[in-house]
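*Asks:* I am attaching a structure below and will ask some questions about it afterwards.
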Amino acid sequence: MPDSFVQEGYATLVLCIACPILAWVFSYVYYKQTAKIIVDPKVADRTALPLKRPINVSDSDDRLPEIFQIYSLIYQGAQDFLFAEYRAVSIFVVGFSIFILIVLGVSDSWINAVFTVIAFVVGCATSVLAGYVGMAIGTFANARTAISSRVGLAEGFKTAFKAAVVMGFCLCAFG
């Protein structure tokens with residue numbers, strides 16, 4: 001019975017579903033660890049007890065508003081850049097999809113052309129999603145790494161590494 005399960009290809013299907021799910025779970029765990037570093041000074045001020053205070057935020061941290069302002073500007077600039085880039089990419093995707101449809105439809109078959117266009121659009125959408133997630137995680141981690149690095153280089157490296165783990169596993173899970 002187990003041999004027929006493997007022969008029919010279900011083991012590969014289960015593996016192809018389980019690996020991305022595990023990657024998302026693993027990414028979420030590391031995201032939550034990185035998110036414990038509060039960047040917004042308003043939120044950091046509301047944390048009254050030292051034991052409940054998020055990681056690496058001290059009472060005398062006078063640079064936190066400046067770090068938050070820089071973080072906000074970088075985040076907004078990244079969002080504006082992605083919006084402009086995705087507008088140009090969408091025009092290209094529509095134009096090249098029409099080109100693929102016509103060329104393959106005339107030379108091969110229209111059914112193959114339609115499926116090729118669907119595969120192309122899904123690949124482009126996955127690429128756009130990966131770019132957005134990568135940029136979002138990168139900007140999310142920048143300020144937190146800066147705050148952690150004020151404690152020490154080892155803490156900054158740990159924060160940067162956790163954010164890179166989140167980005168890597170998220171992007172691999174899309175594949």
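Residues are named by chain letter and number: chains run A, B, ... in the order of the structure tokens, numbers start at 1 in each chain, and ligands are numbered from 1 in the order shown.
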Taking a cut-off of 9 Å and counting only C-alpha atoms, can you build a table that, for each residue of stretch 65-129 of chain A near stretch 19-40 of chain A, reports the nearest atom pair and how far apart they are in Å (one decimal), sorted by chain then residue number, as JSON lines?

*Replies:*
{"residue": "A:Pro65", "atom": "CA", "partner": "A:Asp40", "partner_atom": "CA", "distance": 7.2}
{"residue": "A:Ile67", "atom": "CA", "partner": "A:Val39", "partner_atom": "CA", "distance": 7.3}
{"residue": "A:Phe68", "atom": "CA", "partner": "A:Val39", "partner_atom": "CA", "distance": 5.7}
{"residue": "A:Gln69", "atom": "CA", "partner": "A:Asp40", "partner_atom": "CA", "distance": 8.9}
{"residue": "A:Tyr71", "atom": "CA", "partner": "A:Val39", "partner_atom": "CA", "distance": 8.3}

*Asks:* Considering only C-alpha atoms, return as a list in words whatever protein or nucleic-acid residues lie within 10 Å of stretch 119-125 of chain A, sequence-local ones (same chain, fewer than 6 positions apart) excluded.

*Replies:* Val89, Ser90, Val93, Val94, Phe96, Ser97, Ile100, Ala113, Gly131 and Gly175 of chain A

*Asks:* Go through A:Tyr132, A:Ile102, A:Pro41, A:Phe92 one by one, measure the shortest atom-to-atom distance of each to A:Asp80 using only C-alpha atoms, and give the residue with the smallest value.

*Replies:*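 Checking each of A:Tyr132, A:Ile102, A:Pro41, A:Phe92 against A:Asp80, counting only C-alpha atoms, the winner is A:Tyr132.
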
*Asks:* Could you tell me how far atom CA of A:Tyr86 lies from atom CA of A:Ala130, in Å and to one decimal?

*Replies:*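 Atom CA of A:Ala130 lies 12.1 Å from atom CA of A:Tyr86.
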
*Asks:* Please identify the helix (DSSP H, G or I) residues within chain A (assignment by DSSP from backbone atoms) and present them as number ranges by chain.

*Replies:* A: 2-7, 10-35, 41-46, 64-107, 110-151, 153-174

*Asks:* Give me, as a PyMOL selection string, all polymer residues having an atom no more than 8 Å from A:Leu171, counting only C-alpha atoms and skipping those fewer than 2 positions away in the same chain.

*Replies:* chain A and resi 130+133-134+167-169+173-175

*Asks:* When you look at A:Ala146 with a cut-off of 10 Å (counting only C-alpha atoms), what residues show up, excluding the ones that are within fewer than 5 positions of it in the same chain? I need them as number ranges by chain.

*Replies:* A: 39, 64, 67, 141, 151-153, 155-157, 159-160
